[in-house]
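**Student:** Contents are CSV, C-alpha atoms; file name start11.csv:
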chain,number,residue,atom,x,y,z
A,1,MET,CA,-34.2,43.0,56.7
A,2,HIS,CA,-30.8,41.5,57.3
A,3,ILE,CA,-30.6,37.7,57.6
A,4,PRO,CA,-27.7,36.4,59.6
A,5,GLY,CA,-25.2,34.5,57.4
A,6,SER,CA,-26.6,35.7,54.1
A,7,ASN,CA,-23.4,37.6,53.1
A,8,THR,CA,-21.4,34.5,53.8
A,9,ASN,CA,-23.6,32.4,51.6
A,10,LYS,CA,-23.4,34.9,48.8
A,11,LYS,CA,-19.6,35.0,48.9
A,12,LYS,CA,-19.6,31.2,48.9
A,13,HIS,CA,-21.8,31.0,45.9
A,14,LEU,CA,-19.7,33.6,44.2
A,15,TRP,CA,-16.5,31.7,44.8
A,16,LEU,CA,-18.1,28.5,43.6
A,17,ALA,CA,-19.2,30.2,40.4
A,18,VAL,CA,-15.7,31.6,39.8
A,19,TRP,CA,-14.0,28.3,40.4
A,20,GLY,CA,-16.5,26.5,38.2
A,21,GLY,CA,-15.8,28.9,35.4
A,22,CYS,CA,-12.1,28.4,35.7
A,23,ILE,CA,-12.4,24.7,35.7
A,24,ALA,CA,-14.6,24.8,32.6
A,25,THR,CA,-12.2,27.1,30.8
A,26,CYS,CA,-9.3,24.8,31.6
A,27,ILE,CA,-11.1,21.7,30.4
A,28,LEU,CA,-12.1,23.4,27.2
A,29,THR,CA,-8.5,24.6,26.6
A,30,LEU,CA,-7.2,21.1,27.1
A,31,PHE,CA,-9.6,19.7,24.5
A,32,ARG,CA,-8.6,22.4,22.1
A,33,LEU,CA,-4.9,21.8,22.6
A,34,SER,CA,-5.5,18.0,22.2
A,35,GLY,CA,-7.2,18.6,18.9
A,36,LEU,CA,-4.4,20.8,17.7
A,37,THR,CA,-1.7,18.3,18.8
A,38,THR,CA,-3.5,15.5,17.0
A,39,LYS,CA,-3.9,17.6,13.8
A,40,HIS,CA,-0.2,18.4,14.0
A,41,ARG,CA,0.8,14.8,14.3
A,42,SER,CA,-1.4,13.8,11.4
A,43,VAL,CA,0.4,16.3,9.2
A,44,GLU,CA,3.8,15.1,10.3
A,45,LEU,CA,3.2,11.3,10.4
A,46,GLY,CA,0.5,10.8,7.8
A,47,TYR,CA,1.1,13.5,5.1
A,48,SER,CA,-0.9,12.9,2.0
A,49,LEU,CA,0.1,14.3,-1.4
A,50,THR,CA,-1.6,17.7,-2.0
A,51,SER,CA,-4.0,18.6,-4.8
A,52,MET,CA,-2.6,22.1,-4.9
A,53,ARG,CA,-1.1,23.0,-8.3
A,54,PRO,CA,2.7,23.3,-8.2
A,55,LYS,CA,4.9,25.8,-10.0
A,56,TYR,CA,7.5,23.2,-11.0
A,57,CYS,CA,7.6,19.5,-11.6
A,58,CYS,CA,10.6,17.2,-11.6
A,59,VAL,CA,11.2,13.5,-11.9
A,60,ILE,CA,13.4,11.1,-9.9
A,61,LEU,CA,14.8,8.7,-12.5
A,62,THR,CA,15.9,5.5,-10.7
A,63,ASN,CA,17.8,2.5,-12.0
A,64,SER,CA,15.9,0.1,-9.8
A,65,GLU,CA,13.3,-2.2,-11.4
A,66,PRO,CA,9.6,-1.5,-10.5
A,67,ALA,CA,8.2,-4.0,-7.9
A,68,SER,CA,4.8,-3.8,-9.7
A,69,ARG,CA,3.3,-2.2,-12.7
A,70,ALA,CA,-0.4,-2.5,-12.8
A,71,GLY,CA,-1.3,0.6,-14.7
A,72,ALA,CA,-0.1,2.9,-17.4
A,73,GLY,CA,1.0,6.2,-15.8
A,74,SER,CA,-0.6,8.6,-13.4
A,75,SER,CA,-4.1,10.1,-13.8
A,76,SER,CA,-4.7,13.2,-15.8
A,77,SER,CA,-5.9,15.0,-12.7
A,78,GLY,CA,-2.5,14.6,-11.0
A,79,GLU,CA,-3.8,12.3,-8.3
A,80,ALA,CA,-1.3,9.8,-7.0
A,81,GLN,CA,-1.6,6.3,-8.3
A,82,PRO,CA,0.3,4.0,-5.8
A,83,GLN,CA,-0.5,0.9,-7.8
A,84,LEU,CA,1.4,2.1,-10.9
A,85,ILE,CA,5.0,1.6,-9.9
A,86,ALA,CA,7.0,1.0,-6.7
A,87,HIS,CA,10.7,1.4,-7.1
A,88,SER,CA,13.3,0.4,-4.6
A,89,ARG,CA,14.7,3.4,-2.6
A,90,GLY,CA,17.5,1.6,-0.8
A,91,GLU,CA,21.0,2.9,-0.4
A,92,SER,CA,22.2,0.7,-3.3
A,93,SER,CA,19.9,2.4,-5.8
A,94,SER,CA,21.2,5.2,-8.0
A,95,ILE,CA,19.3,7.9,-9.8
A,96,PHE,CA,20.0,9.7,-13.1
A,97,VAL,CA,20.3,13.4,-12.8
A,98,GLU,CA,21.3,16.5,-14.8
A,99,LYS,CA,24.6,18.3,-14.4
A,100,ARG,CA,23.7,21.9,-15.2
A,101,GLY,CA,26.0,24.2,-17.1
A,102,SER,CA,27.9,27.0,-15.4
A,103,ASP,CA,25.8,29.5,-17.2
A,104,ALA,CA,22.4,28.2,-16.1
A,105,LYS,CA,20.1,30.8,-14.5
A,106,ILE,CA,19.1,28.4,-11.7
A,107,ALA,CA,21.5,26.0,-9.8
A,108,ALA,CA,24.4,26.7,-12.1
A,109,GLY,CA,27.0,23.9,-12.1
A,110,LYS,CA,24.8,21.8,-9.8
A,111,LEU,CA,23.2,18.4,-10.0
A,112,THR,CA,19.4,18.4,-10.2
A,113,CYS,CA,16.6,16.1,-11.1
A,114,PHE,CA,15.2,16.6,-14.6
A,115,GLY,CA,12.2,18.9,-14.9
A,116,GLY,CA,11.1,22.5,-15.0
A,117,LYS,CA,8.3,25.0,-14.8
A,118,VAL,CA,4.7,24.0,-15.5
A,119,GLU,CA,3.4,26.1,-18.5
A,120,GLU,CA,0.0,27.7,-18.5
A,121,GLY,CA,-2.7,25.2,-19.4
A,122,GLU,CA,-0.3,22.3,-19.0
A,123,SER,CA,-0.8,19.3,-16.7
A,124,PRO,CA,2.0,18.3,-14.3
A,125,GLU,CA,2.4,15.0,-16.1
A,126,SER,CA,2.7,16.7,-19.5
A,127,CYS,CA,5.3,19.0,-18.0
A,128,ILE,CA,7.4,16.1,-17.0
A,129,LEU,CA,7.2,14.4,-20.4
A,130,ARG,CA,7.9,17.7,-22.2
A,131,GLU,CA,10.9,18.6,-20.0
A,132,CYS,CA,12.5,15.2,-20.3
A,133,GLN,CA,12.1,15.4,-24.1
A,134,GLU,CA,13.6,18.8,-24.2
A,135,GLU,CA,16.4,18.1,-21.8
A,136,MET,CA,17.6,14.8,-23.1
A,137,GLY,CA,15.5,13.7,-26.0
A,138,TRP,CA,13.8,10.9,-24.1
A,139,ARG,CA,10.6,10.5,-22.0
A,140,PRO,CA,9.6,8.0,-19.3
A,141,SER,CA,6.7,5.6,-20.1
A,142,HIS,CA,5.4,5.4,-16.5
A,143,ILE,CA,5.5,8.1,-13.9
A,144,LYS,CA,4.2,8.3,-10.3
A,145,ARG,CA,3.8,11.1,-7.8
A,146,ALA,CA,6.3,10.7,-5.0
A,147,VAL,CA,7.2,13.8,-3.0
A,148,ASP,CA,5.7,17.3,-2.6
A,149,PHE,CA,8.4,19.9,-2.1
A,150,TYR,CA,7.9,23.0,0.1
A,151,VAL,CA,10.1,26.0,0.8
A,152,ASP,CA,9.4,27.7,4.1
A,153,ASP,CA,6.0,25.7,4.1
A,154,ARG,CA,5.1,27.1,0.6
A,155,LEU,CA,4.4,24.5,-2.1
A,156,VAL,CA,7.0,24.7,-4.9
A,157,ALA,CA,7.1,21.5,-6.8
A,158,TRP,CA,5.7,18.0,-7.3
A,159,PHE,CA,8.4,15.3,-7.7
A,160,TYR,CA,7.6,12.1,-9.6
A,161,GLU,CA,9.5,8.9,-9.9
A,162,ALA,CA,10.1,6.7,-12.9
A,163,GLN,CA,12.4,4.2,-14.5
A,164,ALA,CA,15.6,5.8,-15.8
A,165,PRO,CA,16.7,5.2,-19.5
A,166,ARG,CA,18.2,1.7,-19.8
A,167,SER,CA,20.9,3.2,-22.1
A,168,THR,CA,22.2,6.8,-21.8
A,169,GLU,CA,24.5,6.7,-24.9
A,170,SER,CA,21.9,7.9,-27.3
A,171,LEU,CA,20.5,10.7,-25.1
A,172,GLN,CA,20.8,14.2,-26.5
A,173,PHE,CA,21.3,16.8,-23.8
A,174,GLU,CA,21.0,20.6,-24.0
A,175,VAL,CA,24.2,22.5,-24.8
A,176,GLY,CA,26.5,22.7,-21.8
A,177,ARG,CA,24.6,20.0,-19.8
A,178,GLU,CA,25.0,16.3,-19.3
A,179,GLY,CA,23.5,13.4,-17.4
A,180,VAL,CA,25.2,11.6,-14.6
A,181,TRP,CA,24.4,8.8,-12.2
A,182,LEU,CA,24.1,9.7,-8.5
A,183,LYS,CA,24.1,7.5,-5.5
A,184,ASP,CA,25.2,9.7,-2.6
A,185,PHE,CA,22.4,12.2,-1.9
A,186,SER,CA,24.7,14.2,0.4
A,187,ASP,CA,27.0,15.0,-2.6
A,188,PRO,CA,28.0,18.7,-2.2
A,189,ASN,CA,27.4,19.2,-6.0
A,190,LEU,CA,23.8,18.3,-5.6
A,191,SER,CA,21.4,21.3,-5.4
A,192,ASP,CA,20.3,22.0,-1.8
A,193,TRP,CA,16.6,21.8,-2.8
A,194,HIS,CA,17.0,18.5,-4.6
A,195,SER,CA,19.2,17.0,-1.8
A,196,VAL,CA,16.3,17.6,0.7
A,197,VAL,CA,13.8,16.0,-1.7
A,198,LEU,CA,16.0,13.0,-2.5
A,199,GLN,CA,16.8,12.2,1.1
A,200,ALA,CA,13.0,12.4,2.0
A,201,TRP,CA,12.3,10.1,-1.0
A,202,ARG,CA,14.8,7.6,0.1
A,203,ARG,CA,13.2,7.6,3.6
A,204,GLY,CA,9.8,6.9,2.0
A,205,GLU,CA,8.4,10.3,3.0
A,206,ALA,CA,5.9,12.1,0.8
A,207,ARG,CA,6.8,15.6,1.9
A,208,ALA,CA,10.1,17.5,1.9
A,209,THR,CA,10.6,21.0,3.3
A,210,PHE,CA,13.5,23.3,2.8
A,211,TYR,CA,13.9,26.2,5.3
A,212,ASN,CA,15.8,29.3,4.2
A,213,LYS,CA,18.3,30.4,6.9
Will you turn the file into structure tokens for me?
**Tutor:**
Amino acid sequence: MHIPGSNTNKKKHLWLAVWGGCIATCILTLFRLSGLTTKHRSVELGYSLTSMRPKYCCVILTNSEPASRAGAGSSSSGEAQPQLIAHSRGESSSIFVEKRGSDAKIAAGKLTCFGGKVEEGESPESCILRECQEEMGWRPSHIKRAVDFYVDDRLVAWFYEAQAPRSTESLQFEVGREGVWLKDFSDPNLSDWHSVVLQAWRRGEARATFYNK
């Protein structure tokens, strides 16, 4: 039996259900977007040094005196130890870098931080000490994780910081290479990758990313 107005009520209920579903979907979407935005900001503004194992390790050797030295190097696990050393990163500070030979396989003729590839079974810290010993016959006594370097958002290297040698006269460099002091991190002779890292380090940032064009 037909009841007057029943079709109208059904249509009204149907429209209410549709609108209610749309509103619920919009609210859920806004919550999701809010979560993604917060997560994105936390990565950009509060980046923490990663525990992912790097392919390379390098060291930023600065001439500034440590503000504090409460420990004796970084941990064997590679975790950052902020209390170990805190060097000045101001515009007045200089760093000691390697001028690579024209026959170098990577960054030929460029200025780079000392360091190299992590060998199988080797810890990142041991890599830094070994590379410094091989490249200039000297090794730092205290090192600290400073910057993680990415290329196209892929982790490539951990950069440490340490006190540079007080005297460079007795250093023994590899054939065709030498050590030089660098103050201008926009120097055109500086490797593009290392320029990105050093500028991030000077700004106090823990992550540096280089994007290939």
**Student:** Quick one: of A:Lys99, A:Arg89, A:Arg203, A:Lys144, who's nearest to Asn63 of chain A, counting all atoms listed in the file?
**Tutor:**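 Between A:Lys99, A:Arg89, A:Arg203, A:Lys144, the residue approaching Asn63 of chain A most closely is A:Arg89.
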**Student:** Counting only C-alpha atoms, find residues at most 9 Å from (6.4, 10.5, -20.6) (file frame) and give them as a PyMOL selection string.
**Tutor:** chain A and resi 73+125-130+132-133+138-143
**Student:** For a quick check of understanding, using all atoms listed in the file, which of A:Gly115, A:Pro54, A:Gly176, A:Gly121 has the smallest distance to Val97 of chain A?
**Tutor:** A:Gly115
**Student:** Measuring between only C-alpha atoms, which one of A:Ala200, A:Glu122, A:Met136, A:Arg145 shows the shortest distance to Ser186 of chain A?
**Tutor:**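 Answer, going by the shortest atom-to-atom distance: A:Ala200.
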**Student:** Would you mind reading off the distance between atom CA of Ser102 of chain A and atom CA of Val180 of chain A, one decimal, in Å?
**Tutor:**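 Here the two named atoms are 15.7 Å from each other.
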**Student:** So how far away is atom CA of Glu134 of chain A from atom CA of Leu171 of chain A, in Å?
**Tutor:**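 About the pair atom CA of Leu171 of chain A and atom CA of Glu134 of chain A: they are 10.7 Å apart.
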**Student:** Mind pulling up the distance from atom CA of Gly179 of chain A to atom CA of Glu131 of chain A?
**Tutor:**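 Answer for the atom CA of Glu131 of chain A to atom CA of Gly179 of chain A separation: 13.9 Å.
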**Student:** Select, counting only C-alpha atoms, all protein, DNA and RNA residues no farther than 8 Å from (3.7, 15.9, -5.2) in file coordinates, and express the selection as a compact mmCIF listing (two decimals) with C-alpha atoms, in the coordinates of the input.
**Tutor:**
# COMPACT_ATOMS: atom_id res chain seq x y z
CA LEU A 49 0.10 14.30 -1.40
CA THR A 50 -1.60 17.70 -2.00
CA ARG A 145 3.80 11.10 -7.80
CA ALA A 146 6.30 10.70 -5.00
CA VAL A 147 7.20 13.80 -3.00
CA ASP A 148 5.70 17.30 -2.60
CA PHE A 149 8.40 19.90 -2.10
CA ALA A 157 7.10 21.50 -6.80
CA TRP A 158 5.70 18.00 -7.30
CA PHE A 159 8.40 15.30 -7.70
CA TYR A 160 7.60 12.10 -9.60
CA ALA A 206 5.90 12.10 0.80
CA ARG A 207 6.80 15.60 1.90
**Student:** Kindly indicate which residue among A:Val118, A:Ala162, A:Cys113, A:Val175 lies nearest to Tyr56 of chain A, using all atoms listed in the file for the distances.
**Tutor:**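 When distances to Tyr56 of chain A are compared using all atoms listed in the file, the smallest one comes from A:Val118.
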**Student:** When distances are computed from all atoms listed in the file, which of A:Arg202, A:Ala108, A:Pro188, A:Gly137 shows the smallest separation from Ser94 of chain A?
**Tutor:**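 Among the listed residues, the smallest separation from Ser94 of chain A belongs to A:Arg202.
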